[in-house]
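Raw input14.cif, mmCIF, C-alpha atoms:
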data_run
loop_
_atom_site.label_atom_id
_atom_site.label_comp_id
_atom_site.auth_asym_id
_atom_site.auth_seq_id
_atom_site.Cartn_x
_atom_site.Cartn_y
_atom_site.Cartn_z
CA MET A 1 -42.42 23.17 26.83
CA GLY A 2 -42.72 24.86 23.53
CA GLU A 3 -45.66 27.04 24.17
CA ILE A 4 -45.84 30.66 23.40
CA ASP A 5 -47.46 32.27 26.33
CA THR A 6 -49.93 34.86 25.30
CA SER A 7 -51.87 35.12 28.49
CA SER A 8 -55.40 35.66 27.46
CA SER A 9 -57.00 38.61 29.00
CA GLY A 10 -60.47 37.29 28.57
CA GLY A 11 -63.19 37.69 31.16
CA LYS A 12 -62.78 41.38 31.93
CA LYS A 13 -66.02 42.81 32.87
CA ASP A 14 -65.75 46.43 32.02
CA GLY A 15 -66.39 45.96 28.29
CA LYS A 16 -63.30 47.78 27.02
CA VAL A 17 -62.17 45.99 23.92
CA ARG A 18 -58.43 46.10 23.54
CA SER A 19 -56.58 44.76 20.58
CA LYS A 20 -54.61 41.78 21.79
CA LYS A 21 -50.90 42.39 21.98
CA MET A 22 -49.07 39.39 20.67
CA SER A 23 -45.77 38.62 22.25
CA THR A 24 -42.86 39.10 19.88
CA ARG A 25 -40.90 36.33 21.48
CA VAL A 26 -40.55 33.20 19.45
CA ASP A 27 -39.58 29.94 20.99
CA PHE A 28 -36.26 28.88 19.51
CA THR A 29 -36.07 25.43 21.05
CA PRO A 30 -37.04 23.41 17.96
CA MET A 31 -34.72 25.48 15.83
CA VAL A 32 -31.82 24.80 18.16
CA ASP A 33 -32.70 21.11 18.09
CA LEU A 34 -32.54 21.11 14.34
CA ALA A 35 -29.29 23.03 14.26
CA PHE A 36 -27.57 20.63 16.62
CA LEU A 37 -28.89 17.67 14.71
CA LEU A 38 -27.34 19.02 11.54
CA ILE A 39 -24.08 19.81 13.32
CA THR A 40 -23.85 16.26 14.55
CA PHE A 41 -24.50 15.00 11.06
CA PHE A 42 -21.81 17.12 9.48
CA MET A 43 -19.28 16.33 12.16
CA LEU A 44 -19.79 12.62 11.75
CA THR A 45 -19.70 12.66 7.97
CA THR A 46 -16.53 14.75 7.79
CA THR A 47 -14.54 12.60 10.16
CA LEU A 48 -15.79 9.31 8.81
CA SER A 49 -15.25 10.03 5.16
CA LYS A 50 -11.48 10.08 5.41
CA PRO A 51 -10.32 6.54 4.83
CA GLN A 52 -7.79 4.64 6.82
CA SER A 53 -4.78 3.37 5.04
CA MET A 54 -1.93 1.00 5.47
CA GLU A 55 1.50 2.08 4.39
CA LEU A 56 3.44 -0.41 2.39
CA ASN A 57 7.10 -0.13 1.57
CA MET A 58 8.28 -2.52 -1.07
CA PRO A 59 11.94 -3.36 -1.55
CA GLU A 60 13.45 -1.70 -4.58
CA LYS A 61 13.47 -3.99 -7.53
CA ASP A 62 16.63 -3.13 -9.37
CA VAL A 63 19.03 -3.17 -6.44
CA ASP A 64 21.94 -5.53 -6.98
CA LYS A 65 21.45 -8.77 -5.19
CA GLU A 66 24.70 -8.35 -3.28
CA ASP A 67 23.51 -5.19 -1.58
CA ARG A 68 20.64 -7.00 -0.02
CA GLN A 69 20.67 -8.15 3.50
CA LYS A 70 21.74 -11.72 3.92
CA ILE A 71 19.17 -13.92 5.58
CA ASN A 72 20.28 -16.68 7.89
CA ASP A 73 18.73 -20.06 7.49
CA GLU A 74 17.22 -20.16 10.98
CA GLN A 75 15.78 -16.64 10.72
CA ALA A 76 13.77 -17.10 7.58
CA VAL A 77 10.09 -18.01 7.65
CA THR A 78 8.21 -18.29 4.39
CA ILE A 79 4.47 -17.81 4.51
CA MET A 80 2.61 -18.81 1.37
CA LEU A 81 -0.95 -17.61 0.87
CA ALA A 82 -3.09 -20.06 -1.03
CA LYS A 83 -6.61 -20.58 -2.28
CA ASP A 84 -9.57 -20.51 0.15
CA ASP A 85 -7.80 -18.47 2.85
CA LYS A 86 -5.29 -21.22 3.52
CA ILE A 87 -1.76 -20.53 4.67
CA TYR A 88 1.24 -22.78 4.23
CA TYR A 89 4.47 -21.97 5.96
CA TYR A 90 7.90 -23.43 6.43
CA GLU A 91 11.04 -22.42 8.23
CA GLY A 92 14.40 -21.95 6.60
CA MET A 93 15.58 -20.52 3.34
CA PRO A 94 13.54 -20.87 0.17
CA PRO A 95 14.66 -23.95 -1.77
CA LYS A 96 16.93 -23.73 -4.76
CA ASP A 97 15.46 -24.64 -8.13
CA GLY A 98 14.22 -28.18 -8.17
CA GLU A 99 14.46 -28.73 -4.43
CA ALA A 100 11.33 -29.23 -2.44
CA PRO A 101 11.04 -27.00 0.63
CA PRO A 102 11.21 -28.83 3.94
CA ASN A 103 8.16 -29.56 6.17
CA ILE A 104 5.37 -27.38 4.98
CA THR A 105 2.74 -26.77 7.66
CA GLU A 106 -0.82 -25.81 6.86
CA THR A 107 -2.57 -23.23 9.00
CA SER A 108 -5.23 -20.52 8.79
CA PHE A 109 -6.02 -16.94 9.67
CA ASP A 110 -7.78 -18.06 12.83
CA PRO A 111 -6.88 -15.55 15.57
CA ASN A 112 -6.39 -18.20 18.24
CA LYS A 113 -4.78 -21.19 16.63
CA GLY A 114 -3.78 -19.93 13.20
CA ILE A 115 -0.65 -18.26 11.97
CA ARG A 116 -0.80 -15.70 14.76
CA LYS A 117 -0.02 -18.28 17.42
CA TYR A 118 3.09 -19.35 15.57
CA LEU A 119 4.28 -15.78 14.94
CA LEU A 120 3.73 -14.72 18.54
CA GLN A 121 5.76 -17.68 19.68
CA ARG A 122 8.58 -17.08 17.22
CA ASN A 123 8.66 -13.37 17.89
CA ALA A 124 8.42 -13.69 21.69
CA LYS A 125 11.68 -11.87 22.34
CA VAL A 126 10.53 -8.65 20.70
CA LEU A 127 7.08 -8.91 22.22
CA ASN A 128 8.50 -9.33 25.71
CA GLU A 129 10.50 -6.17 25.25
CA ILE A 130 7.45 -4.29 24.01
CA LYS A 131 5.18 -5.47 26.82
CA PRO A 132 6.52 -3.16 29.58
CA LEU A 133 6.34 -0.24 27.15
CA ARG A 134 2.71 -0.95 26.42
CA ALA A 135 1.97 -1.03 30.14
CA LYS A 136 3.69 2.33 30.48
CA LEU A 137 1.66 3.71 27.61
CA GLN A 138 -1.59 2.57 29.18
CA SER A 139 -0.73 4.04 32.58
CA GLY A 140 0.21 7.31 30.90
CA GLN A 141 3.90 7.35 31.76
CA ILE A 142 4.90 7.74 28.14
CA ASN A 143 2.95 9.18 25.23
CA GLU A 144 2.03 7.60 21.93
CA GLU A 145 4.95 9.10 20.10
CA GLN A 146 7.56 7.90 22.59
CA TYR A 147 5.99 4.47 22.49
CA ARG A 148 6.21 4.24 18.72
CA LYS A 149 9.79 5.42 18.77
CA SER A 150 10.85 2.86 21.37
CA VAL A 151 9.06 0.06 19.54
CA ALA A 152 10.79 1.02 16.30
CA GLU A 153 14.10 1.01 18.16
CA ILE A 154 13.47 -2.46 19.58
CA LYS A 155 12.55 -3.79 16.17
CA LYS A 156 15.64 -2.29 14.62
CA ASN A 157 17.95 -3.81 17.22
CA ASP A 158 16.47 -7.23 16.82
CA THR A 159 18.92 -8.50 14.25
CA LYS A 160 18.60 -12.15 15.20
CA GLY A 161 14.82 -12.35 15.04
CA ILE A 162 12.60 -13.78 12.35
CA ILE A 163 12.41 -12.49 8.84
CA VAL A 164 9.12 -13.28 7.17
CA LEU A 165 8.79 -13.72 3.44
CA ILE A 166 5.20 -13.38 2.31
CA LYS A 167 4.41 -15.12 -0.94
CA PRO A 168 0.87 -14.90 -2.26
CA HIS A 169 -0.22 -17.53 -4.75
CA LYS A 170 -2.18 -16.50 -7.82
CA LEU A 171 -5.38 -18.04 -6.46
CA SER A 172 -5.26 -16.08 -3.23
CA LYS A 173 -7.31 -12.95 -2.69
CA TYR A 174 -6.27 -9.40 -1.99
CA LYS A 175 -7.90 -9.75 1.41
CA ASN A 176 -5.40 -12.47 2.33
CA MET A 177 -2.52 -10.15 1.62
CA VAL A 178 -3.98 -7.37 3.79
CA ASP A 179 -4.75 -9.89 6.53
CA ILE A 180 -1.24 -11.26 6.62
CA LEU A 181 0.20 -7.74 6.71
CA ASP A 182 -2.13 -7.18 9.63
CA GLU A 183 -0.77 -10.20 11.39
CA MET A 184 2.69 -8.72 10.95
CA ALA A 185 1.50 -5.53 12.64
CA ILE A 186 -0.30 -7.38 15.43
CA CYS A 187 2.66 -9.63 16.16
CA ASP A 188 5.14 -6.75 15.79
CA VAL A 189 7.27 -8.68 13.35
CA PRO A 190 10.34 -6.52 12.74
CA ARG A 191 11.15 -7.54 9.18
CA TYR A 192 8.93 -8.85 6.45
CA ALA A 193 8.59 -8.52 2.71
CA ILE A 194 6.20 -9.48 -0.03
CA VAL A 195 7.99 -11.53 -2.66
CA ASP A 196 7.06 -13.73 -5.59
CA LEU A 197 6.78 -17.48 -5.24
CA ALA A 198 9.77 -19.55 -6.28
CA PRO A 199 8.94 -21.96 -9.13
CA ALA A 200 9.19 -24.98 -6.84
CA GLU A 201 6.78 -23.43 -4.35
CA GLN A 202 4.48 -22.45 -7.16
CA LEU A 203 4.24 -26.09 -8.24
CA ILE A 204 3.51 -27.28 -4.72
CA LEU A 205 0.75 -24.75 -4.21
CA ASP A 206 -0.75 -25.58 -7.60
CA GLU A 207 -0.81 -29.16 -6.47
CA TYR A 208 -2.46 -28.27 -3.13
CA ALA A 209 -5.08 -26.16 -4.90
CA LYS A 210 -6.33 -29.19 -6.82
CA ARG A 211 -7.13 -31.11 -3.67
CA MET B 1 -58.25 34.62 51.98
CA GLY B 2 -54.82 35.42 53.26
CA LYS B 3 -53.01 32.96 51.06
CA VAL B 4 -49.55 34.09 50.04
CA LYS B 5 -48.80 33.23 46.49
CA VAL B 6 -45.25 32.27 45.74
CA PRO B 7 -44.45 33.93 42.45
CA ARG B 8 -43.62 31.29 39.90
CA LYS B 9 -40.58 31.93 37.74
CA SER B 10 -41.06 31.10 34.14
CA THR B 11 -39.12 28.04 32.97
CA ASN B 12 -38.63 29.46 29.52
CA ILE B 13 -35.04 30.14 28.67
CA ASP B 14 -34.02 32.50 25.96
CA MET B 15 -32.79 30.23 23.21
CA THR B 16 -31.64 32.96 20.85
CA ALA B 17 -28.02 32.89 21.92
CA MET B 18 -27.81 29.14 21.77
CA CYS B 19 -29.41 29.18 18.37
CA ASP B 20 -26.81 31.66 17.17
CA VAL B 21 -23.98 29.47 18.34
CA ALA B 22 -25.51 26.35 16.87
CA PHE B 23 -25.94 27.91 13.46
CA LEU B 24 -22.48 29.40 13.53
CA LEU B 25 -21.04 25.94 14.10
CA LEU B 26 -23.32 24.49 11.50
CA THR B 27 -22.17 26.98 8.91
CA PHE B 28 -18.58 26.22 9.78
CA PHE B 29 -19.03 22.48 9.35
CA ILE B 30 -20.93 22.84 6.11
CA LEU B 31 -18.26 25.06 4.66
CA THR B 32 -15.38 22.87 5.73
CA ALA B 33 -17.03 19.56 4.87
CA LYS B 34 -15.88 17.82 1.76
CA PHE B 35 -18.34 15.35 0.41
CA LYS B 36 -17.17 12.03 -0.80
CA PRO B 37 -16.91 12.18 -4.57
CA ASN B 38 -19.35 10.12 -6.52
CA GLU B 39 -17.58 6.93 -7.47
CA PRO B 40 -18.73 4.87 -10.42
CA ILE B 41 -17.78 1.57 -8.78
CA VAL B 42 -18.44 -0.09 -5.48
CA VAL B 43 -15.31 -1.14 -3.62
CA ASP B 44 -15.52 -3.01 -0.33
CA THR B 45 -12.12 -2.47 1.14
CA PRO B 46 -10.74 -5.11 3.49
CA SER B 47 -10.41 -4.23 7.15
CA SER B 48 -7.09 -3.93 8.89
CA VAL B 49 -5.61 -2.69 12.14
CA ALA B 50 -3.64 0.03 10.37
CA ASP B 51 -4.83 3.31 11.83
CA LYS B 52 -2.96 5.77 9.64
CA LYS B 53 -5.11 8.31 7.87
CA LEU B 54 -4.74 8.79 4.18
CA PRO B 55 -3.01 12.11 3.34
CA GLU B 56 -5.48 14.93 2.80
CA ASP B 57 -4.47 15.98 -0.66
CA LYS B 58 -2.17 15.08 -3.51
CA VAL B 59 -3.46 11.54 -3.73
CA ILE B 60 -3.61 9.37 -6.83
CA THR B 61 -6.14 6.62 -6.20
CA ILE B 62 -6.06 3.38 -8.14
CA SER B 63 -9.31 1.54 -7.44
CA VAL B 64 -10.06 -2.06 -8.26
CA ASP B 65 -13.58 -3.41 -8.09
CA LYS B 66 -14.78 -6.97 -7.50
CA LYS B 67 -14.45 -7.90 -11.14
CA GLY B 68 -10.88 -6.62 -11.31
CA ARG B 69 -11.59 -3.47 -13.33
CA ILE B 70 -8.99 -0.80 -12.67
CA PHE B 71 -10.05 2.81 -12.18
CA PHE B 72 -7.83 5.83 -11.94
CA GLY B 73 -8.46 9.07 -10.11
CA VAL B 74 -6.60 12.15 -8.94
CA ASP B 75 -7.98 14.44 -6.27
CA ASN B 76 -6.92 17.80 -7.67
CA ILE B 77 -9.18 19.41 -10.27
CA GLN B 78 -6.37 21.36 -11.93
CA VAL B 79 -4.32 18.18 -12.22
CA ARG B 80 -7.28 16.41 -13.82
CA GLY B 81 -7.37 19.05 -16.53
CA LYS B 82 -3.66 18.81 -17.09
CA ILE B 83 -3.53 15.02 -17.42
CA LEU B 84 -6.29 15.15 -20.01
CA ASP B 85 -4.38 17.78 -21.99
CA ARG B 86 -1.27 15.65 -21.89
CA ALA B 87 -3.11 12.49 -22.89
CA ALA B 88 -4.73 14.37 -25.77
CA ALA B 89 -1.37 15.71 -26.91
CA GLU B 90 0.37 12.34 -26.80
CA LYS B 91 -2.45 10.24 -28.22
CA LYS B 92 -3.41 12.90 -30.75
CA PHE B 93 -7.06 13.40 -30.08
CA SER B 94 -8.71 16.74 -29.55
CA VAL B 95 -10.58 17.84 -26.48
CA THR B 96 -13.19 20.56 -26.39
CA ALA B 97 -13.50 22.95 -23.45
CA GLU B 98 -16.75 21.28 -22.53
CA GLN B 99 -15.20 17.82 -22.49
CA ARG B 100 -12.33 19.07 -20.40
CA LYS B 101 -14.71 20.54 -17.87
CA LYS B 102 -16.61 17.29 -17.73
CA PHE B 103 -13.41 15.34 -17.18
CA GLN B 104 -12.52 17.63 -14.30
CA ASN B 105 -15.76 16.71 -12.59
CA ILE B 106 -15.12 12.99 -12.76
CA ALA B 107 -13.47 11.66 -9.61
CA SER B 108 -12.26 8.45 -11.16
CA PHE B 109 -12.56 6.85 -14.56
CA GLY B 110 -11.89 3.48 -16.08
CA VAL B 111 -11.90 3.68 -19.84
CA PRO B 112 -9.19 2.72 -22.30
CA MET B 113 -7.45 5.68 -23.87
CA ASN B 114 -9.00 5.18 -27.33
CA GLU B 115 -12.52 5.30 -25.92
CA LEU B 116 -11.91 8.41 -23.88
CA PRO B 117 -13.33 10.97 -26.36
CA LYS B 118 -16.48 8.90 -26.75
CA PHE B 119 -16.72 8.56 -22.99
CA LEU B 120 -16.50 12.31 -22.53
CA ASN B 121 -19.38 12.87 -24.92
CA MET B 122 -21.66 10.71 -22.82
CA ASP B 123 -24.00 11.79 -20.13
CA PHE B 124 -23.02 11.34 -16.48
CA SER B 125 -25.89 8.91 -16.06
CA GLN B 126 -24.34 6.54 -18.62
CA HIS B 127 -21.03 6.37 -16.78
CA SER B 128 -22.14 3.73 -14.32
CA ASP B 129 -22.93 1.29 -17.12
CA PRO B 130 -20.43 -1.58 -16.76
CA ASN B 131 -20.05 -1.85 -20.54
CA VAL B 132 -18.89 1.73 -20.77
CA GLN B 133 -16.14 1.68 -18.20
CA LYS B 134 -14.20 -1.50 -18.80
CA GLY B 135 -11.26 -0.53 -16.65
CA ILE B 136 -7.88 0.83 -17.57
CA PRO B 137 -5.72 -1.68 -19.44
CA ILE B 138 -2.63 -2.70 -17.53
CA ASP B 139 -1.14 -5.21 -19.93
CA THR B 140 1.30 -4.47 -22.70
CA THR B 141 1.97 -6.25 -25.94
CA ASN B 142 5.73 -5.99 -25.57
CA LYS B 143 8.03 -4.89 -22.83
CA TYR B 144 9.08 -1.68 -24.54
CA GLN B 145 5.55 -0.39 -24.50
CA ARG B 146 4.04 1.43 -21.58
CA SER B 147 0.74 0.19 -20.21
CA GLU B 148 -2.03 2.78 -20.08
CA LEU B 149 -1.95 2.75 -16.29
CA THR B 150 1.75 3.60 -16.40
CA GLU B 151 0.99 6.45 -18.76
CA TRP B 152 -1.72 7.90 -16.53
CA ILE B 153 0.57 7.70 -13.50
CA GLN B 154 3.34 9.43 -15.41
CA TYR B 155 1.00 12.19 -16.61
CA SER B 156 -0.30 12.71 -13.09
CA ARG B 157 3.11 12.94 -11.54
CA LEU B 158 4.18 15.57 -14.03
CA ALA B 159 0.93 17.46 -13.51
CA TYR B 160 1.24 17.37 -9.71
CA LYS B 161 4.78 18.63 -10.08
CA GLU B 162 3.50 21.58 -12.13
CA VAL B 163 0.50 22.39 -9.97
CA THR B 164 1.66 21.71 -6.42
CA ASN B 165 5.40 21.44 -6.94
CA SER B 166 5.59 18.18 -5.02
CA ALA B 167 5.19 14.48 -5.56
CA PRO B 168 1.79 12.83 -5.08
CA PHE B 169 0.97 9.88 -2.85
CA VAL B 170 -0.32 6.73 -4.46
CA ALA B 171 -3.15 4.81 -2.83
CA ILE B 172 -4.50 1.45 -3.92
CA LYS B 173 -8.13 0.93 -3.12
CA ALA B 174 -8.90 -2.65 -3.97
CA ASP B 175 -11.88 -4.82 -3.18
CA TYR B 176 -11.23 -7.48 -0.58
CA ASP B 177 -12.43 -10.21 -2.92
CA VAL B 178 -10.31 -9.32 -5.91
CA ASN B 179 -7.76 -11.90 -7.01
CA TYR B 180 -4.22 -11.22 -5.90
CA PRO B 181 -2.68 -11.17 -9.42
CA VAL B 182 -4.58 -7.96 -10.25
CA VAL B 183 -3.07 -6.23 -7.24
CA GLN B 184 0.28 -7.77 -8.03
CA ASP B 185 0.13 -6.30 -11.53
CA ILE B 186 -0.59 -2.86 -10.10
CA ILE B 187 2.27 -3.15 -7.62
CA ASN B 188 4.57 -4.33 -10.42
CA THR B 189 3.48 -1.35 -12.53
CA LEU B 190 4.25 1.01 -9.67
CA GLN B 191 7.64 -0.55 -9.10
CA SER B 192 8.56 -0.78 -12.75
CA PRO B 193 11.63 1.18 -13.84
CA ARG B 194 9.47 3.82 -15.56
CA VAL B 195 7.48 4.68 -12.45
CA LYS B 196 9.61 3.58 -9.49
CA ILE B 197 7.16 4.07 -6.67
CA ASN B 198 8.15 1.76 -3.85
CA LYS B 199 6.06 3.35 -1.14
CA PHE B 200 2.31 3.49 -1.38
CA ASN B 201 -0.84 3.20 0.71
CA LEU B 202 -3.46 0.51 0.75
CA ILE B 203 -6.86 1.88 1.68
CA THR B 204 -8.55 -0.23 4.35
CA ASN B 205 -11.32 -0.08 6.90
CA LEU B 206 -10.38 0.29 10.50
CA GLU B 207 -10.59 -2.79 12.67
CA LYS B 208 -9.72 -2.95 16.35
CA LYS B 209 -6.31 -4.26 17.21
CA PRO B 210 -6.54 -7.27 19.50
CA GLN B 211 -4.72 -6.97 22.81
CA ASN B 212 -2.34 -9.82 23.18
#
Give the structure from the file, written as structure tokens.
Amino acid sequence: MGEIDTSSSGGKKDGKVRSKKMSTRVDFTPMVDLAFLLITFFMLTTTLSKPQSMELNMPEKDVDKEDRQKINDEQAVTIMLAKDDKIYYYEGMPPKDGEAPPNITETSFDPNKGIRKYLLQRNAKVLNEIKPLRAKLQSGQINEEQYRKSVAEIKKNDTKGIIVLIKPHKLSKYKNMVDILDEMAICDVPRYAIVDLAPAEQLILDEYAKR
Amino acid sequence: MGKVKVPRKSTNIDMTAMCDVAFLLLTFFILTAKFKPNEPIVVDTPSSVADKKLPEDKVITISVDKKGRIFFGVDNIQVRGKILDRAAAEKKFSVTAEQRKKFQNIASFGVPMNELPKFLNMDFSQHSDPNVQKGIPIDTTNKYQRSELTEWIQYSRLAYKEVTNSAPFVAIKADYDVNYPVVQDIINTLQSPRVKINKFNLITNLEKKPQN
């Protein structure tokens, strides 16, 4: 392939010695190979070096308590992140000081039987509304932007759905927090917030951590 | 004797044009490429399904490594110079032109304010020593005092305002294994009345979203 053809004119009988004319053509194939290799390298490194990020909006701290949205008892779900990737959750409002929260359930980040199963079940109404949209998106009837807009609309209108309070314990890892925020995105939970543990919950989790 | 020879066409193609194009593209990519800045710490970010890209510029990055050391970095070289000037003015230490230039070349740093002049006299090779960069202190002795992280964020916001005339984004790049209280402290710092940043980015790796 990469030969430079300088057809030898050897074997002429009439003794005339001619200086060989070298072809001026150079084969560029290896050079092109190299160039494309480098192009590929630079393309990959430029696109891969930009990190992905997750946007996080925290509620403002110094807003008066009365301005805040009221949470109904049946809407609230408190998810507590504990040591060793464990999750404890309970339904209903956080307990007042001194009260123990009702029925705490232990679960995990397992994608099949962990917290996701519970959230998908609780958030079924929103998910059922999103399902036809996703089908439309996949068949190309609507574009990405329209899809996002409609999903945001559905989430906004869902005023009766669950409100998740995420409360990481001091022995949990940063990874747990990102994972639970991920679960919120996967399950399309309309409303959630990261809040501090109530003192009663703190005590319970401290107790669980010793086990 | 009467064999008819079919003239064989050469299979060689002139590669010159292709070579030109290839090198043109190569030059373009080299010139537009921005290499990842050399970071003094290793941070394994957790993976998530969030697929938003981090904004291209005007980013303040607060990194946290496995041991919980906090590092601070701004992406704009002019801003880096300005925050050092401001820190020097407020903490009353002097900075030489050489030190300032060195500071501008550092993508992120994690030294307490009082060790900063010493740090800037060191060689780049010494910067990766864990005893040199202990992390930026985030705690305060009383609630009227600003933590050093708060100070750096305030300096950077003012500097971004001067240089780019707009507010920067804040990104937290924490290791997946770091304890939650460290991240909580950073979030509390960002939300504190002096800083009031309620919207920020968490840098993560991309993971595929499961189809449910």
(request) Could you list the residues chosen by the PyMOL selection byres ((chain A) within 6 of (chain B)) in this structure as a ChimeraX atom specification? (result) /A:28,32,35,39,46,52-58,170,172-175,182
(request) Go through the shown structure with the PyMOL selection byres ((chain B and resi 133-150) around 6) and write out the matching residues as an MDAnalysis selection string. (result) chainID B and resid 69:71 110:112 130:132 151:153
(request) State, in Å with one decimal place, the distance from atom CA of Ile60 of chain B to atom CA of Phe42 of chain A. (result)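 Atom CA of Phe42 of chain A lies at a distance of 25.6 Å from atom CA of Ile60 of chain B.
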(message) Could you tell me how far atom CA of Pro40 of chain B sits from atom CA of Ser128 of chain B, in Å to one decimal place?
(response) 5.3 Å
I want to know what sits within 8 Å of Tyr160 of chain B, based on all atoms listed in the file, with residues of the same chain fewer than 6 positions away left out; could you give that as a PDB file with C-alpha atoms, in the coordinates of the input?
ATOM      1  CA  LYS B  58      -2.170  15.080  -3.510  1.00  0.00           C
ATOM      2  CA  VAL B  79      -4.320  18.180 -12.220  1.00  0.00           C
ATOM      3  CA  SER B 166       5.590  18.180  -5.020  1.00  0.00           C
ATOM      4  CA  ALA B 167       5.190  14.480  -5.560  1.00  0.00           C
ATOM      5  CA  PRO B 168       1.790  12.830  -5.080  1.00  0.00           C
TER       6      PRO B 168
END
(request) Could you tell me which residues the PyMOL selection byres ((chain A and resi 102-113) around 12) grabs in this file, written as a VMD selection string? (result) (chain A and resid 77 to 96 99 to 101 114 to 121 175 to 183 186 to 187 200 to 201 204 to 205 208) or (chain B and resid 209 to 212)
Output the selection as a PDB file, in the frame of the given file - C-alpha atoms for each residue.
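Produced file out-v7.pdb, reproduced below:
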ATOM      1  CA  VAL A  77      10.090 -18.010   7.650  1.00  0.00           C
ATOM      2  CA  THR A  78       8.210 -18.290   4.390  1.00  0.00           C
ATOM      3  CA  ILE A  79       4.470 -17.810   4.510  1.00  0.00           C
ATOM      4  CA  MET A  80       2.610 -18.810   1.370  1.00  0.00           C
ATOM      5  CA  LEU A  81      -0.950 -17.610   0.870  1.00  0.00           C
ATOM      6  CA  ALA A  82      -3.090 -20.060  -1.030  1.00  0.00           C
ATOM      7  CA  LYS A  83      -6.610 -20.580  -2.280  1.00  0.00           C
ATOM      8  CA  ASP A  84      -9.570 -20.510   0.150  1.00  0.00           C
ATOM      9  CA  ASP A  85      -7.800 -18.470   2.850  1.00  0.00           C
ATOM     10  CA  LYS A  86      -5.290 -21.220   3.520  1.00  0.00           C
ATOM     11  CA  ILE A  87      -1.760 -20.530   4.670  1.00  0.00           C
ATOM     12  CA  TYR A  88       1.240 -22.780   4.230  1.00  0.00           C
ATOM     13  CA  TYR A  89       4.470 -21.970   5.960  1.00  0.00           C
ATOM     14  CA  TYR A  90       7.900 -23.430   6.430  1.00  0.00           C
ATOM     15  CA  GLU A  91      11.040 -22.420   8.230  1.00  0.00           C
ATOM     16  CA  GLY A  92      14.400 -21.950   6.600  1.00  0.00           C
ATOM     17  CA  MET A  93      15.580 -20.520   3.340  1.00  0.00           C
ATOM     18  CA  PRO A  94      13.540 -20.870   0.170  1.00  0.00           C
ATOM     19  CA  PRO A  95      14.660 -23.950  -1.770  1.00  0.00           C
ATOM     20  CA  LYS A  96      16.930 -23.730  -4.760  1.00  0.00           C
ATOM     21  CA  GLU A  99      14.460 -28.730  -4.430  1.00  0.00           C
ATOM     22  CA  ALA A 100      11.330 -29.230  -2.440  1.00  0.00           C
ATOM     23  CA  PRO A 101      11.040 -27.000   0.630  1.00  0.00           C
ATOM     24  CA  GLY A 114      -3.780 -19.930  13.200  1.00  0.00           C
ATOM     25  CA  ILE A 115      -0.650 -18.260  11.970  1.00  0.00           C
ATOM     26  CA  ARG A 116      -0.800 -15.700  14.760  1.00  0.00           C
ATOM     27  CA  LYS A 117      -0.020 -18.280  17.420  1.00  0.00           C
ATOM     28  CA  TYR A 118       3.090 -19.350  15.570  1.00  0.00           C
ATOM     29  CA  LEU A 119       4.280 -15.780  14.940  1.00  0.00           C
ATOM     30  CA  LEU A 120       3.730 -14.720  18.540  1.00  0.00           C
ATOM     31  CA  GLN A 121       5.760 -17.680  19.680  1.00  0.00           C
ATOM     32  CA  LYS A 175      -7.900  -9.750   1.410  1.00  0.00           C
ATOM     33  CA  ASN A 176      -5.400 -12.470   2.330  1.00  0.00           C
ATOM     34  CA  MET A 177      -2.520 -10.150   1.620  1.00  0.00           C
ATOM     35  CA  VAL A 178      -3.980  -7.370   3.790  1.00  0.00           C
ATOM     36  CA  ASP A 179      -4.750  -9.890   6.530  1.00  0.00           C
ATOM     37  CA  ILE A 180      -1.240 -11.260   6.620  1.00  0.00           C
ATOM     38  CA  LEU A 181       0.200  -7.740   6.710  1.00  0.00           C
ATOM     39  CA  ASP A 182      -2.130  -7.180   9.630  1.00  0.00           C
ATOM     40  CA  GLU A 183      -0.770 -10.200  11.390  1.00  0.00           C
ATOM     41  CA  ILE A 186      -0.300  -7.380  15.430  1.00  0.00           C
ATOM     42  CA  CYS A 187       2.660  -9.630  16.160  1.00  0.00           C
ATOM     43  CA  ALA A 200       9.190 -24.980  -6.840  1.00  0.00           C
ATOM     44  CA  GLU A 201       6.780 -23.430  -4.350  1.00  0.00           C
ATOM     45  CA  ILE A 204       3.510 -27.280  -4.720  1.00  0.00           C
ATOM     46  CA  LEU A 205       0.750 -24.750  -4.210  1.00  0.00           C
ATOM     47  CA  TYR A 208      -2.460 -28.270  -3.130  1.00  0.00           C
TER      48      TYR A 208
ATOM     49  CA  LYS B 209      -6.310  -4.260  17.210  1.00  0.00           C
ATOM     50  CA  PRO B 210      -6.540  -7.270  19.500  1.00  0.00           C
ATOM     51  CA  GLN B 211      -4.720  -6.970  22.810  1.00  0.00           C
ATOM     52  CA  ASN B 212      -2.340  -9.820  23.180  1.00  0.00           C
TER      53      ASN B 212
END
(request) State, in Å with one decimal place, the distance from atom CA of Gln104 of chain B to atom CA of Thr45 of chain A. (result)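 Those two atoms sit 23.9 Å apart.
Closest to Ser150 of chain A among A:Gln75, A:Ile130, A:Pro190, A:Pro199 is A:Ile130, based on all atoms listed in the file.
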Which centre and which edge lengths, in Å to one decimal, describe the axis-aligned box that holds all listed atoms of segment 180-190 of chain A after 4 Å is added on each side, as AutoDock Vina command-line options?
--center_x 4.1 --center_y -8.4 --center_z 11.4 --size_x 20.5 --size_y 13.7 --size_z 17.5
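Ranking B:Leu158, B:Val64, B:Ala88, B:Val95 by their shortest atom-to-atom distance to Asn121 of chain B, with only C-alpha atoms included, puts B:Val95 first.
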(request) Could you give me, as a list in words, the residues that sit within 12 Å of (2.7, 19.4, -11.6) in the file's coordinates, counting only C-alpha atoms? (result)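 Residues with an atom close enough to that point: Lys58, Asn76, Ile77, Gln78, Val79, Arg80, Gly81, Lys82, Ile83, Arg86, Gln154, Tyr155, Ser156, Arg157, Leu158, Ala159, Tyr160, Lys161, Glu162, Val163, Thr164, Asn165, Ser166, Ala167 and Pro168 of chain B.
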